[in-house]
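What follows is the content of target02.csv (CSV, C-alpha atoms and all ligand atoms).
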```
chain,number,residue,atom,x,y,z
A,83,MET,CA,54.2,19.6,85.1
A,84,GLN,CA,55.3,23.1,85.3
A,85,ARG,CA,57.6,24.3,82.5
A,86,PRO,CA,56.2,27.5,81.1
A,87,PRO,CA,55.1,28.5,78.6
A,88,ALA,CA,53.8,25.2,77.2
A,89,ASN,CA,55.3,22.3,79.3
A,90,THR,CA,57.4,21.2,76.3
A,91,PHE,CA,60.0,18.5,76.9
A,92,ASN,CA,63.6,19.6,76.4
A,93,LEU,CA,66.6,17.5,77.4
A,94,GLU,CA,66.9,18.9,81.0
A,95,TYR,CA,63.2,18.6,81.6
A,96,LEU,CA,63.2,15.0,80.5
A,97,HIS,CA,66.0,14.4,83.0
A,98,GLU,CA,64.0,16.0,85.7
A,99,ILE,CA,61.0,13.8,84.9
A,100,THR,CA,63.2,10.7,84.9
A,101,ASN,CA,64.5,11.6,88.3
A,102,SER,CA,61.0,12.2,89.7
A,103,LEU,CA,59.8,8.8,88.3
A,104,ASP,CA,62.8,7.1,89.9
A,105,GLU,CA,62.0,8.8,93.1
A,106,ILE,CA,58.3,7.9,93.2
A,107,SER,CA,59.0,4.3,92.1
A,108,LYS,CA,60.8,3.8,95.4
A,109,GLN,CA,57.7,4.8,97.3
A,110,LYS,CA,54.6,2.7,98.0
A,111,LEU,CA,52.1,4.7,96.1
A,112,LYS,CA,48.6,3.7,95.0
A,113,GLY,CA,48.9,5.8,91.9
A,114,VAL,CA,50.1,8.9,90.1
A,115,ILE,CA,48.1,11.6,88.4
A,116,LEU,CA,49.8,13.6,85.6
A,117,THR,CA,48.5,17.1,85.1
A,118,SER,CA,49.7,20.6,84.3
A,119,ALA,CA,50.2,23.8,86.4
A,120,ILE,CA,49.8,25.8,83.2
A,121,PRO,CA,46.3,26.9,82.4
A,122,ASN,CA,44.9,25.6,79.0
A,123,ILE,CA,48.0,23.6,78.1
A,124,PHE,CA,48.6,20.0,79.4
A,125,SER,CA,51.8,19.8,77.3
A,126,ALA,CA,52.7,21.0,73.8
A,127,GLY,CA,54.9,18.0,73.3
A,128,LEU,CA,58.6,17.9,72.5
A,129,ASP,CA,60.5,21.2,72.5
A,130,ILE,CA,60.9,21.8,68.8
A,131,LYS,CA,64.1,23.8,69.6
A,132,GLU,CA,65.7,20.4,70.4
A,133,PHE,CA,65.4,19.2,66.9
A,134,TYR,CA,65.5,22.3,64.7
A,135,LYS,CA,69.2,22.8,63.7
A,136,PRO,CA,70.3,20.5,66.4
A,137,ASP,CA,73.7,19.5,67.8
A,138,LEU,CA,74.0,15.9,66.8
A,139,GLN,CA,75.3,14.6,70.2
A,140,ARG,CA,72.6,16.4,72.1
A,141,LEU,CA,69.9,15.2,69.6
A,142,GLU,CA,70.9,11.6,70.3
A,143,ASN,CA,70.9,12.2,74.1
A,144,PHE,CA,67.6,13.9,73.8
A,145,TRP,CA,65.9,11.0,72.0
A,146,SER,CA,67.5,8.5,74.4
A,147,SER,CA,66.0,10.6,77.3
A,148,VAL,CA,62.6,10.5,75.6
A,149,GLN,CA,62.9,6.7,75.6
A,150,ASP,CA,63.9,6.6,79.3
A,151,VAL,CA,60.9,8.6,80.3
A,152,PHE,CA,58.4,6.4,78.4
A,153,ILE,CA,60.0,3.0,79.4
A,154,LYS,CA,59.6,4.1,83.0
A,155,LEU,CA,56.1,5.5,82.6
A,156,LEU,CA,54.8,2.5,80.8
A,157,ASP,CA,56.3,0.1,83.3
A,158,LEU,CA,55.2,1.7,86.6
A,159,ASP,CA,53.7,-0.8,89.0
A,160,PHE,CA,51.0,1.5,90.4
A,161,ALA,CA,48.1,3.1,88.6
A,162,THR,CA,48.7,6.1,86.3
A,163,ALA,CA,46.1,8.6,85.2
A,164,ALA,CA,46.1,11.8,83.3
A,165,ALA,CA,44.0,14.9,84.2
A,166,ILE,CA,44.4,16.6,80.8
A,167,ASN,CA,43.6,20.3,81.6
A,168,GLY,CA,44.3,21.7,78.2
A,169,HIS,CA,45.9,21.1,74.8
A,170,ALA,CA,47.8,17.8,74.4
A,171,PRO,CA,49.3,17.6,71.0
A,172,ALA,CA,52.1,15.2,69.9
A,173,ALA,CA,54.2,14.0,72.8
A,174,GLY,CA,51.7,15.7,75.1
A,175,CYS,CA,49.2,13.1,73.8
A,176,VAL,CA,51.8,10.3,74.0
A,177,LEU,CA,52.3,11.2,77.7
A,178,SER,CA,48.6,10.8,78.3
A,179,LEU,CA,48.6,7.5,76.4
A,180,SER,CA,51.3,6.2,78.7
A,181,CYS,CA,48.7,6.4,81.5
A,182,GLU,CA,45.9,3.8,82.1
A,183,TYR,CA,43.2,6.4,82.3
A,184,ARG,CA,42.5,9.9,80.8
A,185,ALA,CA,40.0,12.5,81.9
A,186,MET,CA,40.1,15.7,79.8
A,187,VAL,CA,38.7,19.0,80.7
A,188,ASN,CA,35.9,20.3,78.5
A,189,GLY,CA,37.0,23.3,76.4
A,190,ASN,CA,38.4,24.4,73.1
A,191,TYR,CA,41.3,22.0,73.4
A,192,LYS,CA,43.0,19.6,71.0
A,193,ILE,CA,44.6,16.2,71.5
A,194,GLY,CA,46.3,13.9,69.1
A,195,LEU,CA,49.5,13.0,67.2
A,196,ASN,CA,50.2,15.7,64.6
A,197,GLU,CA,53.8,14.7,63.9
A,198,ALA,CA,53.1,14.1,60.2
A,199,ALA,CA,52.2,17.8,59.9
A,200,LEU,CA,55.7,18.7,61.0
A,201,GLY,CA,57.2,16.3,58.4
A,202,ILE,CA,58.3,13.8,61.0
A,203,ILE,CA,56.9,10.3,61.7
A,204,THR,CA,55.8,8.5,64.8
A,205,THR,CA,58.0,5.6,65.9
A,206,PRO,CA,56.6,2.1,66.1
A,207,TRP,CA,56.4,2.2,69.9
A,208,ILE,CA,54.4,5.5,69.8
A,209,GLN,CA,52.1,3.9,67.2
A,210,ALA,CA,51.7,0.9,69.4
A,211,MET,CA,50.7,3.1,72.4
A,212,MET,CA,48.0,4.6,70.3
A,213,TYR,CA,46.6,1.5,68.8
A,214,GLN,CA,46.4,-0.1,72.2
A,215,VAL,CA,44.0,2.7,73.2
A,216,ILE,CA,42.0,3.3,70.0
A,217,PRO,CA,41.4,0.9,67.1
A,218,MET,CA,44.2,0.3,64.6
A,219,LYS,CA,42.1,1.7,61.7
A,220,HIS,CA,41.5,5.0,63.5
A,221,THR,CA,45.1,5.1,64.6
A,222,GLU,CA,46.3,4.8,61.0
A,223,THR,CA,43.9,7.5,59.7
A,224,ALA,CA,44.7,9.8,62.7
A,225,LEU,CA,48.5,9.4,62.3
A,226,THR,CA,48.6,9.8,58.5
A,227,THR,CA,46.3,12.9,58.6
A,228,ALA,CA,48.0,14.4,61.7
A,229,LYS,CA,44.6,14.6,63.2
A,230,LEU,CA,44.1,16.7,66.4
A,231,PHE,CA,40.8,15.8,68.0
A,232,ASP,CA,38.6,18.1,69.9
A,233,VAL,CA,37.4,17.0,73.3
A,234,ASP,CA,34.1,15.4,72.1
A,235,GLU,CA,35.8,13.7,69.2
A,236,ALA,CA,38.4,12.3,71.5
A,237,LEU,CA,35.8,10.8,73.8
A,238,GLN,CA,33.9,9.4,70.9
A,239,ILE,CA,36.9,7.6,69.5
A,240,GLY,CA,38.1,6.4,72.9
A,241,LEU,CA,41.3,8.5,73.0
A,242,ILE,CA,40.1,9.9,76.4
A,243,ASP,CA,37.9,8.0,78.9
A,244,GLU,CA,35.8,10.9,80.3
A,245,ILE,CA,35.2,14.6,79.9
A,246,ALA,CA,35.6,16.7,83.1
A,247,SER,CA,34.1,20.1,83.9
A,248,ASN,CA,37.4,21.5,85.2
A,249,LYS,CA,40.8,20.6,86.4
A,250,GLU,CA,39.6,19.7,89.9
A,251,ASP,CA,36.9,17.4,88.5
A,252,ALA,CA,39.5,15.8,86.2
A,253,ILE,CA,41.8,15.1,89.1
A,254,ASN,CA,38.8,13.7,91.2
A,255,ARG,CA,37.9,11.4,88.3
A,256,CYS,CA,41.5,10.2,88.2
A,257,LYS,CA,41.4,9.5,91.9
A,258,GLN,CA,38.2,7.5,91.5
A,259,TYR,CA,39.9,5.5,88.8
A,260,ILE,CA,42.9,4.8,91.1
A,261,ARG,CA,40.6,3.8,94.0
A,262,LYS,CA,39.3,0.9,91.8
A,263,PHE,CA,42.4,-1.0,92.6
A,264,ASP,CA,42.2,-0.7,96.4
A,265,LYS,CA,41.3,-4.4,96.8
A,266,ILE,CA,43.4,-5.8,94.0
A,267,PRO,CA,46.8,-7.3,94.9
A,268,LEU,CA,49.5,-4.9,93.7
A,269,HIS,CA,51.7,-7.6,92.1
A,270,ALA,CA,48.9,-9.1,90.1
A,271,ARG,CA,47.7,-5.7,88.9
A,272,ALA,CA,51.2,-4.6,87.9
A,273,LEU,CA,52.1,-7.8,86.0
A,274,THR,CA,48.8,-7.7,84.2
A,275,LYS,CA,49.4,-4.1,83.2
A,276,GLN,CA,53.0,-4.8,82.1
A,277,ARG,CA,51.9,-7.8,80.0
A,278,MET,CA,49.2,-5.7,78.3
A,279,ARG,CA,51.8,-3.1,77.5
A,280,GLN,CA,54.5,-5.4,76.3
A,281,THR,CA,54.4,-4.3,72.7
A,282,PRO,CA,55.6,-0.7,73.1
A,283,ILE,CA,57.8,-1.7,76.1
A,284,LYS,CA,59.5,-4.5,74.1
A,285,ILE,CA,60.1,-2.3,71.1
A,286,LEU,CA,61.5,0.4,73.4
A,287,ARG,CA,63.8,-2.0,75.2
A,288,GLU,CA,65.0,-4.1,72.3
A,289,GLN,CA,65.3,-1.5,69.5
A,290,ARG,CA,66.7,1.5,71.4
A,291,ASP,CA,69.7,2.1,69.2
A,292,GLU,CA,67.9,1.6,66.0
A,293,ASP,CA,65.1,3.9,67.2
A,294,ILE,CA,67.7,6.6,68.0
A,295,ARG,CA,69.3,6.2,64.6
A,296,MET,CA,66.0,6.4,62.8
A,297,PHE,CA,65.0,9.5,64.8
A,298,VAL,CA,68.3,11.3,64.0
A,299,ASP,CA,68.0,10.3,60.3
A,300,VAL,CA,64.5,11.6,60.1
A,301,VAL,CA,65.2,14.9,61.9
A,302,MET,CA,68.4,15.6,60.1
A,303,ASN,CA,66.8,15.2,56.7
A,304,PRO,CA,67.0,18.6,54.9
A,305,SER,CA,63.3,18.6,53.9
A,306,VAL,CA,62.3,17.9,57.5
A,307,GLN,CA,64.5,20.8,58.7
A,308,ASP,CA,62.8,23.0,56.1
A,309,ASN,CA,59.4,21.9,57.5
A,310,LEU,CA,60.5,22.5,61.0
A,311,LYS,CA,61.7,26.0,60.1
A,312,ASP,CA,58.2,26.9,58.7
A,313,TYR,CA,56.5,25.4,61.7
A,314,VAL,CA,58.7,27.3,64.2
A,315,GLU,CA,58.0,30.5,62.2
A,316,LYS,CA,54.3,29.8,62.3
A,317,LEU,CA,54.3,29.3,66.0
A,318,LYS,CA,56.3,32.6,66.5
A,319,ASN,CA,54.0,34.6,64.2
A,320,LYS,CA,50.9,33.5,65.9
A,321,LYS,CA,51.3,36.1,68.5
A,322,LYS,CA,51.8,38.9,66.0
A,323,LYS,CA,48.4,38.3,64.4
B,401,LIG,C1,61.7,7.0,63.4
B,401,LIG,C2,60.9,8.1,63.8
B,401,LIG,C3,61.6,9.4,64.1
B,401,LIG,C4,60.7,10.5,64.5
B,401,LIG,C5,60.0,10.3,65.7
B,401,LIG,C6,59.3,11.5,66.2
B,401,LIG,C7,58.3,11.2,67.2
B,401,LIG,C8,58.0,12.5,67.8
B,401,LIG,C9,57.1,12.5,68.9
B,401,LIG,C10,56.6,13.7,69.3
B,401,LIG,C11,56.9,14.9,68.5
B,401,LIG,C12,56.5,16.2,69.2
B,401,LIG,O1,56.1,16.3,70.3
B,401,LIG,S1,56.9,17.5,68.2
B,401,LIG,C13,56.1,18.9,69.0
B,401,LIG,C14,54.7,19.0,68.4
B,401,LIG,N1,54.0,20.0,69.1
B,401,LIG,C15,53.1,20.8,68.5
B,401,LIG,O2,53.0,20.8,67.3
B,401,LIG,C16,52.4,21.8,69.3
B,401,LIG,C17,52.8,23.2,68.9
B,401,LIG,N2,52.1,24.1,69.8
B,401,LIG,C18,50.8,24.5,69.6
B,401,LIG,O3,50.1,24.1,68.7
B,401,LIG,C19,50.3,25.5,70.6
B,401,LIG,O4,51.4,26.1,71.2
B,401,LIG,C20,49.3,25.0,71.6
B,401,LIG,C21,48.0,24.6,70.9
B,401,LIG,C22,49.9,23.8,72.4
B,401,LIG,C23,49.0,26.1,72.7
B,401,LIG,O5,48.5,27.3,72.0
B,401,LIG,P1,48.5,28.7,72.7
B,401,LIG,O6,47.9,29.6,71.7
B,401,LIG,O7,47.9,28.5,74.0
B,401,LIG,O8,50.0,29.0,73.0
B,401,LIG,P2,51.2,29.4,72.0
B,401,LIG,O9,51.1,28.8,70.7
B,401,LIG,O10,51.3,30.9,72.0
B,401,LIG,O11,52.5,28.8,72.7
B,401,LIG,C24,53.0,29.4,73.9
B,401,LIG,C25,54.5,29.4,73.8
B,401,LIG,O12,55.0,28.1,73.7
B,401,LIG,C26,55.8,27.9,72.5
B,401,LIG,N3,55.6,26.5,72.0
B,401,LIG,C27,54.5,25.9,71.9
B,401,LIG,N4,54.7,24.6,71.5
B,401,LIG,C28,56.0,24.4,71.4
B,401,LIG,C29,56.9,23.3,71.1
B,401,LIG,N5,56.4,22.1,70.8
B,401,LIG,N6,58.2,23.5,71.2
B,401,LIG,C30,58.7,24.7,71.5
B,401,LIG,N7,58.0,25.8,71.8
B,401,LIG,C31,56.6,25.7,71.8
B,401,LIG,C32,55.3,28.9,71.5
B,401,LIG,O13,56.2,29.2,70.5
B,401,LIG,C33,55.0,30.1,72.5
B,401,LIG,O14,56.3,30.7,72.7
B,401,LIG,P3,56.5,32.2,72.9
B,401,LIG,O15,55.6,32.6,74.1
B,401,LIG,O16,57.9,32.4,73.2
B,401,LIG,O17,56.0,32.9,71.7
```

Could you render the structure from this file as structure tokens?
Ligand SMILES: CCCCCCCC/C=C\CC(=O)SCCNC(=O)CCNC(=O)[C@H](O)C(C)(C)COP(=O)(O)OP(=O)(O)OC[C@H]1O[C@@H](n2cnc3c(N)ncnc32)[C@H](O)[C@@H]1OP(=O)(O)O
Amino acid sequence: MQRPPANTFNLEYLHEITNSLDEISKQKLKGVILTSAIPNIFSAGLDIKEFYKPDLQRLENFWSSVQDVFIKLLDLDFATAAAINGHAPAAGCVLSLSCEYRAMVNGNYKIGLNEAALGIITTPWIQAMMYQVIPMKHTETALTTAKLFDVDEALQIGLIDEIASNKEDAINRCKQYIRKFDKIPLHARALTKQRMRQTPIKILREQRDEDIRMFVDVVMNPSVQDNLKDYVEKLKNKKKK
């Protein structure tokens, strides 16, 4: 990913990712590794500008595009791994959760789902993605407290699989993970993976419209817009301090 300054997902970037995923799906790949070209930030999640004082039509398209990306990512036949070379809050964490394996670079980085701190809530398919990786009880506490884990905590709880010393090491660990499947028939591997992930995939496929409606309702709520205003101000003022 290379969308400075923080690899946030806006509508156009989501379209680019969808097109890339469509393109690579046609190729006979062994696996894909997601990482960031931006030092210290894997992804800062959704671009808050998309849902602060939004245009309604664009907001609906935006959420529909988020759904497209995750349906495709969760469903990929080949192995997926994330070399998390920096902060991965919110949708940055969700992106890593869509992969089968996560190696995170050691450093003063945070990963987790902090949506509640912004006054928004996670959708059932995002919740399912998390509780398929870490236990349900930890998921509930993490989501309700908007917990961002440091690297050691993330390993301890199972949110990441390994700690890497740097980006290259993280990518190598991802490659090693992908090589595990060299002798496994692709079809059997893919079907097993898709069955294991059927909860979020099913919710995404069967409740798309309802999910968009809920997202729009939540985001357009005046108190959520107030929270977002404060959050955007806080992000802006960080630099001035
Ligand atoms: C039914 C249910 C409906 C609701 C469902 C909702 C489910 C939503 C799922 C996901 C939601 C999200 O992803 S919301 C986004 C949440 N993201 C965050 O809270 C992260 C915010 N960013 C940070 O904490 C930090 O930027 C960082 C820790 C990631 C990096 O810190 P650092 O100090 O290295 O960098 P800066 O803070 O100076 O940031 C650089 C630059 O990027 C801009 N920025 C950062 N994050 C965002 C963002 N998410 N959106 C837009 N812009 C962002 C930041 O303002 C700086 O910009 P400038 O250089 O112009 O100042």

List the spatial neighbours of Lys131 in chain A as number ranges by chain - criterion: any atom at most 12 Å away, only C-alpha atoms, same-chain residues fewer than 3 positions off excluded. A: 90-93, 127-128, 134-137, 140-141, 144, 301, 307, 310-311, 313-315, 317

Within 7 Å of ligand LIG 401 (chain B) (only C-alpha atoms and all ligand atoms), residues as a compact mmCIF listing (two decimals) with C-alpha atoms, in the coordinates of the input:
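The resulting file, part_6.txt, is reproduced below:
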```
# COMPACT_ATOMS: atom_id res chain seq x y z
CA PRO A 87 55.10 28.50 78.60
CA ALA A 88 53.80 25.20 77.20
CA THR A 90 57.40 21.20 76.30
CA ASN A 122 44.90 25.60 79.00
CA ILE A 123 48.00 23.60 78.10
CA SER A 125 51.80 19.80 77.30
CA ALA A 126 52.70 21.00 73.80
CA GLY A 127 54.90 18.00 73.30
CA LEU A 128 58.60 17.90 72.50
CA ASP A 129 60.50 21.20 72.50
CA ILE A 130 60.90 21.80 68.80
CA LYS A 131 64.10 23.80 69.60
CA HIS A 169 45.90 21.10 74.80
CA ALA A 170 47.80 17.80 74.40
CA PRO A 171 49.30 17.60 71.00
CA ALA A 172 52.10 15.20 69.90
CA ALA A 173 54.20 14.00 72.80
CA GLY A 174 51.70 15.70 75.10
CA ASN A 196 50.20 15.70 64.60
CA GLU A 197 53.80 14.70 63.90
CA ILE A 202 58.30 13.80 61.00
CA ILE A 203 56.90 10.30 61.70
CA THR A 204 55.80 8.50 64.80
CA THR A 205 58.00 5.60 65.90
CA ASP A 293 65.10 3.90 67.20
CA MET A 296 66.00 6.40 62.80
CA PHE A 297 65.00 9.50 64.80
CA VAL A 298 68.30 11.30 64.00
CA VAL A 300 64.50 11.60 60.10
CA VAL A 301 65.20 14.90 61.90
CA LEU A 317 54.30 29.30 66.00
CA LYS A 318 56.30 32.60 66.50
CA LYS A 320 50.90 33.50 65.90
CA LYS A 321 51.30 36.10 68.50
```

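Going from CA of Arg277 in chain A over to CA of Gln289 in chain A, you cover 18.2 Å.
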
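Minimum atom-to-atom distance to Val215 in chain A, evaluated using only C-alpha atoms, belongs to A:Ile239 out of A:Leu286, A:Ile239, A:Met186, A:Leu156.
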
List the spatial neighbours of Pro282 in chain A as number ranges by chain - criterion: any atom at most 12 Å away, all atoms listed in the file, same-chain residues fewer than 4 positions off excluded. A: 149, 152-157, 176, 179-180, 205-214, 276-278, 286-290

Non-local contacts of range 101-103 of chain A (9 Å; all atoms listed in the file; under 4 positions in same chain excluded) as JSON, numbers by chain: {"A": [96, 97, 107, 108, 151, 154, 155, 158]}

Restricted to C-alpha atoms, what would the selected residues look like written as an mmCIF file, in the coordinates of the input?
```
data_model
loop_
_atom_site.group_PDB
_atom_site.id
_atom_site.type_symbol
_atom_site.label_atom_id
_atom_site.label_comp_id
_atom_site.auth_asym_id
_atom_site.auth_seq_id
_atom_site.Cartn_x
_atom_site.Cartn_y
_atom_site.Cartn_z
ATOM 1 C CA LEU A 96 63.200 15.000 80.500
ATOM 2 C CA HIS A 97 66.000 14.400 83.000
ATOM 3 C CA SER A 107 59.000 4.300 92.100
ATOM 4 C CA LYS A 108 60.800 3.800 95.400
ATOM 5 C CA VAL A 151 60.900 8.600 80.300
ATOM 6 C CA LYS A 154 59.600 4.100 83.000
ATOM 7 C CA LEU A 155 56.100 5.500 82.600
ATOM 8 C CA LEU A 158 55.200 1.700 86.600
#
```

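For the pair CA of Asp251 in chain A and CA of Lys265 in chain A, the separation is 23.7 Å.
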
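With all atoms listed in the file as the atoms that count, the residue of A:Val187, A:Ile294, A:Val114, A:Ile99 with the shortest distance to Asn143 in chain A is A:Ile294.
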
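Among A:Leu241, A:Ile166, A:Leu138, A:Cys175, the residue with the shortest atom-to-atom distance to Ile253 in chain A, counting all atoms listed in the file, is A:Ile166.
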
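CA of Lys262 in chain A is found 10.2 Å from CA of Lys112 in chain A.
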
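Take the candidates A:Gln258, A:Thr221, A:Thr274, A:Thr227 and check each one against Gly240 in chain A using all atoms listed in the file; the shortest distance goes to A:Thr221.
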
With only C-alpha atoms as the basis for distance, which of A:Leu111, A:Ile120, A:Ala165, A:Ile106 is at the shortest distance from Cys256 in chain A? A:Ala165

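The smallest atom-to-atom distance between Asp104 in chain A and any of A:Ala272, A:His220, A:Pro304, A:Asp150, using only C-alpha atoms, is found for A:Asp150.
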